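> Got a structure for you, written out below as structure tokens; questions coming shortly.
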Amino acid sequence: MTDTTGFALEAAAVGKRFGRRRGSGGWALRDCGFRLPAGRVCAVVGPNGAGKSTLLALAAGLLVPTEGRVTVLGTDPASARARVGFVAQDKPLYPHLTVAETLRMGADLNPRRWDAPTAERIVADGDLGPKTRIRALSGGQRTRVALALALAKRPELLLLDEPMADLDPLARHELMGVLMAQAAQYGTTIVMSSHVVAELEGSCDHLLLIGGGRVRLAGEIDELLEAHVRVSGLAQTSLAPHTVVESRTTGRQLSALIRPAGPLPEGLRTSAPSLEELVLSYLRNPQAPGTTPAEAASESEKATL
């Protein structure tokens with residue numbers, strides 16, 4: 001079982017460069033730093049091209065950082081590979097193998113930790129015939145087989161790159177339940193990228209928001225939400241010295257998402273943001289300053305004074 005007193009995944013000034021692309025200098029990630037405590041279910045969100053897939057590939061040991069250091073389960077990614085499960089966006093499987101042959105291959109590659117009943121149950125729940133070849137499966141069915149392989153490995157860290165993108169809503173709900181059960185029963189740390197933020201809100205307890213190749217928000221979701229407040233009032237209301245993530249003025253009315261730096265001006269109406277509101281506000285405003293876990297906790301304390 002994972003040691004929940006430590007960190008499952010750490011990045012220190014990590015950068016990854018691919019050639020010399022115009023505008024970005026080829027940097028998919030630059031100066032990324034965060035610590036993910038073990039046992040968490042972490043949502044990785046951000047726009048297309050933000051660097052989410054690159055970060056997961058670095059953690060899986062499939063890529064090597066150009067600069068900085070990635071630590072997985074207390075060691076380097078290559079040394080931790082046997083304890084890590086990874087499902088990539090394109091779900092790479094051998095097309096000529098049958099479903100049963102694919103699961104047997106997984107058992108042969110992971111003789112010490114293979115959980116055959118879990119793999120067989122996940123496949124059977126999708127009504128997949130064991131003699132069906134992978135090339136004959138739909139995208140959603142291939143996803144189910146890939147998740148069966150990853151979960152049967154009993155990983156301490158499970159990395160999922162857009163795992164539910166090609167599943168129907170019912171299958172997404174079912175497999176999300178399987179993932180949550182895995183986390184609860186075995187203490188598995190799950191890191192999952194997705195564009196469906198609302199889907200992650202009830203399942204994840206940690207957030208990494210990546211934009212422009214950098215980590216802009218990182219921390220416990222509850223703490224990040226507590227560190228922000230949605231306010232509305234008269235347009236002429238000054239929001240200084242608070243950090244403004246997003247603001248809009250319609251006629252004489254102002255609405256904004258802020259990180260309070262102390263007591264709020266009188267006359268402002270306040271409400272708590274949802275995770276989706278928080279994420280979308282940062283994505284719509286790439287210049288808004290991010291926050292670290294320590295900063296989030298400190299600003300939340302200030303707001304209650």
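Identifiers in this document derive from the order of the structure tokens: chains are assigned A, B, ..., residues are numbered from 1 separately in each chain, and ligands are numbered from 1 in order of occurrence.
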If we count only C-alpha atoms and set the cut-off at 12 Å, which residues sit around A:Arg142, ignoring sequence neighbours fewer than 6 positions away in its own chain? Please answer as a VMD selection string.
chain A and resid 87 to 95 98 to 99 102 122 to 123 126 128 132 to 136 148 to 149 163 to 167
> For A:Cys32, work out the shell of residues within 6 Å, counting only C-alpha atoms and skipping chain neighbours fewer than 3 positions away, then give it as a list in words.
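Residues meeting the cut-off are Ala13, Val14, Arg214 and Val215 of chain A.
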> Output C-alpha atoms for every residue in the selection just made, as a PDB file, in the first residue's frame.

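Done, and the output landed in result_29.pdb:
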```
ATOM      1  CA  ALA A  13      11.730  23.463 -11.707  1.00  0.00           C
ATOM      2  CA  VAL A  14      10.783  20.956 -14.411  1.00  0.00           C
ATOM      3  CA  ARG A 214       3.425  26.281 -16.132  1.00  0.00           C
ATOM      4  CA  VAL A 215       1.596  25.205 -12.993  1.00  0.00           C
TER       5      VAL A 215
END
```
> If DSSP is run on the backbone, what residues of stretch 14-166 of chain A are helix (DSSP H, G or I)? A reply as a ChimeraX atom specification would be ideal.
/A:52-59,77-83,99-109,116-125,134-136,139-152
> If you keep N, CA and C atoms, can you produce a file of those selected residues as a compact mmCIF listing (two decimals), in the first residue's frame?

```
# COMPACT_ATOMS: atom_id res chain seq x y z
N LYS A 52 -0.29 19.15 -20.24
CA LYS A 52 -0.80 18.09 -19.36
C LYS A 52 -0.24 16.72 -19.75
N SER A 53 -0.34 16.38 -21.03
CA SER A 53 0.13 15.07 -21.48
C SER A 53 1.64 14.94 -21.29
N THR A 54 2.36 16.02 -21.52
CA THR A 54 3.81 16.00 -21.33
C THR A 54 4.15 15.72 -19.87
N LEU A 55 3.43 16.36 -18.95
CA LEU A 55 3.69 16.15 -17.53
C LEU A 55 3.44 14.70 -17.13
N LEU A 56 2.35 14.11 -17.61
CA LEU A 56 2.05 12.72 -17.27
C LEU A 56 3.08 11.77 -17.88
N ALA A 57 3.53 12.06 -19.10
CA ALA A 57 4.55 11.22 -19.72
C ALA A 57 5.88 11.30 -18.98
N LEU A 58 6.20 12.46 -18.44
CA LEU A 58 7.41 12.61 -17.62
C LEU A 58 7.29 11.78 -16.34
N ALA A 59 6.10 11.83 -15.72
CA ALA A 59 5.90 11.07 -14.49
C ALA A 59 5.94 9.57 -14.75
N PRO A 77 11.54 8.35 -12.03
CA PRO A 77 10.44 7.67 -12.73
C PRO A 77 10.80 6.30 -13.28
N ALA A 78 12.01 6.13 -13.81
CA ALA A 78 12.39 4.83 -14.37
C ALA A 78 12.41 3.74 -13.30
N SER A 79 12.93 4.08 -12.12
CA SER A 79 13.00 3.10 -11.03
C SER A 79 11.63 2.77 -10.46
N ALA A 80 10.69 3.71 -10.58
CA ALA A 80 9.35 3.52 -10.02
C ALA A 80 8.38 2.87 -11.00
N ARG A 81 8.82 2.57 -12.21
CA ARG A 81 7.90 2.17 -13.28
C ARG A 81 7.05 0.95 -12.91
N ALA A 82 7.62 -0.01 -12.20
CA ALA A 82 6.86 -1.21 -11.85
C ALA A 82 5.72 -0.90 -10.90
N ARG A 83 5.78 0.24 -10.22
CA ARG A 83 4.75 0.60 -9.23
C ARG A 83 3.78 1.64 -9.78
N VAL A 99 -8.85 -9.87 -26.59
CA VAL A 99 -8.98 -9.31 -25.24
C VAL A 99 -8.34 -10.25 -24.22
N ALA A 100 -8.62 -11.54 -24.33
CA ALA A 100 -8.05 -12.50 -23.38
C ALA A 100 -6.53 -12.55 -23.48
N GLU A 101 -5.99 -12.52 -24.69
CA GLU A 101 -4.53 -12.53 -24.87
C GLU A 101 -3.91 -11.27 -24.29
N THR A 102 -4.60 -10.13 -24.41
CA THR A 102 -4.08 -8.88 -23.85
C THR A 102 -3.99 -8.96 -22.34
N LEU A 103 -5.01 -9.54 -21.70
CA LEU A 103 -4.97 -9.67 -20.24
C LEU A 103 -3.90 -10.68 -19.82
N ARG A 104 -3.71 -11.75 -20.58
CA ARG A 104 -2.64 -12.70 -20.25
C ARG A 104 -1.28 -12.05 -20.37
N MET A 105 -1.12 -11.18 -21.37
CA MET A 105 0.14 -10.45 -21.51
C MET A 105 0.37 -9.56 -20.29
N GLY A 106 -0.68 -8.89 -19.82
CA GLY A 106 -0.55 -8.06 -18.62
C GLY A 106 -0.13 -8.88 -17.42
N ALA A 107 -0.68 -10.08 -17.29
CA ALA A 107 -0.31 -10.95 -16.17
C ALA A 107 1.15 -11.39 -16.28
N ASP A 108 1.60 -11.70 -17.50
CA ASP A 108 2.99 -12.13 -17.70
C ASP A 108 3.97 -11.00 -17.38
N LEU A 109 3.59 -9.76 -17.69
CA LEU A 109 4.48 -8.63 -17.46
C LEU A 109 4.48 -8.16 -16.01
N ALA A 116 -5.95 -10.55 -11.38
CA ALA A 116 -6.73 -11.07 -12.51
C ALA A 116 -8.24 -10.85 -12.33
N PRO A 117 -8.82 -11.07 -11.15
CA PRO A 117 -10.27 -10.85 -11.01
C PRO A 117 -10.71 -9.43 -11.34
N THR A 118 -9.90 -8.44 -10.95
CA THR A 118 -10.24 -7.05 -11.26
C THR A 118 -10.24 -6.82 -12.77
N ALA A 119 -9.21 -7.30 -13.45
CA ALA A 119 -9.13 -7.12 -14.91
C ALA A 119 -10.30 -7.80 -15.60
N GLU A 120 -10.60 -9.00 -15.20
CA GLU A 120 -11.68 -9.75 -15.85
C GLU A 120 -13.04 -9.11 -15.58
N ARG A 121 -13.24 -8.56 -14.36
CA ARG A 121 -14.52 -7.92 -14.04
C ARG A 121 -14.74 -6.66 -14.87
N ILE A 122 -13.69 -5.84 -15.01
CA ILE A 122 -13.81 -4.60 -15.77
C ILE A 122 -14.14 -4.90 -17.23
N VAL A 123 -13.49 -5.91 -17.79
CA VAL A 123 -13.76 -6.29 -19.18
C VAL A 123 -15.15 -6.88 -19.32
N ALA A 124 -15.52 -7.76 -18.39
CA ALA A 124 -16.83 -8.41 -18.47
C ALA A 124 -17.97 -7.41 -18.33
N ASP A 125 -17.79 -6.39 -17.49
CA ASP A 125 -18.83 -5.38 -17.30
C ASP A 125 -19.10 -4.60 -18.58
N ILE A 134 -8.48 -6.75 -30.49
CA ILE A 134 -8.43 -5.34 -30.09
C ILE A 134 -8.80 -4.43 -31.25
N ARG A 135 -8.38 -4.79 -32.46
CA ARG A 135 -8.64 -3.93 -33.61
C ARG A 135 -10.13 -3.83 -33.93
N ALA A 136 -10.93 -4.76 -33.42
CA ALA A 136 -12.37 -4.75 -33.68
C ALA A 136 -13.14 -3.96 -32.63
N GLY A 139 -13.49 2.80 -29.64
CA GLY A 139 -12.59 3.58 -28.79
C GLY A 139 -12.91 3.41 -27.32
N GLY A 140 -14.20 3.43 -26.98
CA GLY A 140 -14.59 3.26 -25.59
C GLY A 140 -14.25 1.88 -25.06
N GLN A 141 -14.39 0.85 -25.90
CA GLN A 141 -14.05 -0.50 -25.47
C GLN A 141 -12.55 -0.66 -25.27
N ARG A 142 -11.76 -0.02 -26.13
CA ARG A 142 -10.30 -0.07 -25.93
C ARG A 142 -9.92 0.63 -24.62
N THR A 143 -10.61 1.71 -24.30
CA THR A 143 -10.37 2.39 -23.04
C THR A 143 -10.61 1.45 -21.87
N ARG A 144 -11.68 0.68 -21.94
CA ARG A 144 -11.99 -0.26 -20.86
C ARG A 144 -10.89 -1.30 -20.70
N VAL A 145 -10.37 -1.83 -21.82
CA VAL A 145 -9.29 -2.81 -21.74
C VAL A 145 -8.02 -2.17 -21.16
N ALA A 146 -7.71 -0.95 -21.60
CA ALA A 146 -6.52 -0.27 -21.09
C ALA A 146 -6.62 -0.01 -19.60
N LEU A 147 -7.81 0.39 -19.12
CA LEU A 147 -8.00 0.61 -17.68
C LEU A 147 -7.91 -0.71 -16.91
N ALA A 148 -8.42 -1.78 -17.51
CA ALA A 148 -8.31 -3.09 -16.86
C ALA A 148 -6.85 -3.48 -16.66
N LEU A 149 -6.02 -3.25 -17.67
CA LEU A 149 -4.59 -3.54 -17.56
C LEU A 149 -3.94 -2.70 -16.47
N ALA A 150 -4.26 -1.40 -16.47
CA ALA A 150 -3.62 -0.49 -15.51
C ALA A 150 -4.04 -0.80 -14.08
N LEU A 151 -5.32 -1.08 -13.84
CA LEU A 151 -5.80 -1.32 -12.49
C LEU A 151 -5.39 -2.68 -11.96
N ALA A 152 -5.34 -3.69 -12.84
CA ALA A 152 -4.94 -5.03 -12.40
C ALA A 152 -3.48 -5.07 -11.98
```
> Taking into account only C-alpha atoms, which residue in the set A:Ala8, A:Asp76, A:Glu226, A:Thr66 is nearest to A:Pro155?
A:Ala8
> From the set A:Leu200, A:Leu217, A:Ala272, A:Leu264, which residue has the shortest atom-to-atom contact distance to A:Val229, counting only C-alpha atoms?
A:Ala272
> Can you pull out every residue within 6 Å of stretch 235-241 of chain A, counting only C-alpha atoms, but drop anything in the same chain fewer than 2 positions away, and send it as a compact mmCIF listing (two decimals) with N, CA and C atoms, in the first residue's frame?

```
# COMPACT_ATOMS: atom_id res chain seq x y z
N ARG A 252 -23.92 49.33 -14.14
CA ARG A 252 -23.42 49.83 -12.85
C ARG A 252 -23.02 48.71 -11.91
N GLN A 253 -23.03 47.46 -12.40
CA GLN A 253 -22.77 46.32 -11.54
C GLN A 253 -21.41 45.68 -11.85
N LEU A 254 -20.72 45.31 -10.80
CA LEU A 254 -19.42 44.64 -10.88
C LEU A 254 -19.56 43.23 -10.34
```
> Just want the 7 Å neighbourhood of A:Val45, counted on only C-alpha atoms, with same-chain residues fewer than 6 positions away dropped. Output as a count of residues only.
6
> Just how far from atom CA of A:Asp205 is atom CA of A:Glu220, in Å to one decimal?
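Atom CA of A:Asp205 lies at a distance of 5.9 Å from atom CA of A:Glu220.
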> Ranking A:Val231, A:Val70, A:Leu179, A:Pro47 by minimum distance to A:Arg35 and counting only C-alpha atoms, which one comes first?
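Among the listed residues, A:Val70 lies closest to A:Arg35.
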> Any idea what the distance is between atom CA of A:Ala198 and atom CA of A:Val41?
14.8 Å
> Extract the full set of strand (DSSP E) residues from stretch 108-242 of chain A according to DSSP on the backbone, and format it as a PyMOL selection string.
chain A and resi 157-161+189-193+206-211+214-220+229-234
> So that I have them on file, write out the residues from the current selection with C-alpha atoms, as a PDB file, in the first residue's frame.

```pdb
ATOM      1  CA  LEU A 157       0.403   5.703  -8.632  1.00  0.00           C
ATOM      2  CA  LEU A 158      -2.089   5.654 -11.500  1.00  0.00           C
ATOM      3  CA  LEU A 159      -1.639   8.210 -14.301  1.00  0.00           C
ATOM      4  CA  LEU A 160      -4.609   8.733 -16.630  1.00  0.00           C
ATOM      5  CA  ASP A 161      -4.473  11.038 -19.653  1.00  0.00           C
ATOM      6  CA  THR A 189      -2.764   7.922  -5.818  1.00  0.00           C
ATOM      7  CA  ILE A 190      -4.622   8.839  -9.011  1.00  0.00           C
ATOM      8  CA  VAL A 191      -3.589  11.668 -11.324  1.00  0.00           C
ATOM      9  CA  MET A 192      -6.163  12.272 -14.026  1.00  0.00           C
ATOM     10  CA  SER A 193      -6.293  14.897 -16.765  1.00  0.00           C
ATOM     11  CA  HIS A 206      -6.408  17.837  -5.334  1.00  0.00           C
ATOM     12  CA  LEU A 207      -5.941  20.176  -8.304  1.00  0.00           C
ATOM     13  CA  LEU A 208      -3.156  20.972 -10.735  1.00  0.00           C
ATOM     14  CA  LEU A 209      -4.096  23.712 -13.178  1.00  0.00           C
ATOM     15  CA  ILE A 210      -1.591  24.071 -16.013  1.00  0.00           C
ATOM     16  CA  GLY A 211      -1.501  26.953 -18.454  1.00  0.00           C
ATOM     17  CA  ARG A 214       3.425  26.281 -16.132  1.00  0.00           C
ATOM     18  CA  VAL A 215       1.596  25.205 -12.993  1.00  0.00           C
ATOM     19  CA  ARG A 216      -0.745  28.076 -12.114  1.00  0.00           C
ATOM     20  CA  LEU A 217      -2.735  26.487  -9.273  1.00  0.00           C
ATOM     21  CA  ALA A 218      -1.733  23.529  -7.136  1.00  0.00           C
ATOM     22  CA  GLY A 219      -3.206  22.295  -3.904  1.00  0.00           C
ATOM     23  CA  GLU A 220      -6.092  20.718  -2.070  1.00  0.00           C
ATOM     24  CA  VAL A 229     -14.576  34.300  -3.233  1.00  0.00           C
ATOM     25  CA  ARG A 230     -17.033  35.548  -5.841  1.00  0.00           C
ATOM     26  CA  VAL A 231     -18.153  39.124  -5.167  1.00  0.00           C
ATOM     27  CA  SER A 232     -20.677  41.487  -6.728  1.00  0.00           C
ATOM     28  CA  GLY A 233     -21.549  45.122  -6.092  1.00  0.00           C
ATOM     29  CA  LEU A 234     -21.436  48.610  -7.560  1.00  0.00           C
TER      30      LEU A 234
END
```
> Rank A:Ala183, A:Pro37, A:Thr270, A:Leu275 by their smallest atom-to-atom distance to A:Asp222, using only C-alpha atoms, and report the top residue only.
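Counting only C-alpha atoms, the residue closest to A:Asp222 is A:Leu275.
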> If you count only C-alpha atoms, which residues fall within 7 Å of A:Phe34, apart from same-chain ones fewer than 6 positions away, as a list of chain:residue names?
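Answer for this query is A:Glu10, A:Ala11, A:Ala12, A:Ala218.
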> State, in Å with one decimal place, the distance from atom CA of A:Gly51 to atom CA of A:Ser138.
27.1 Å
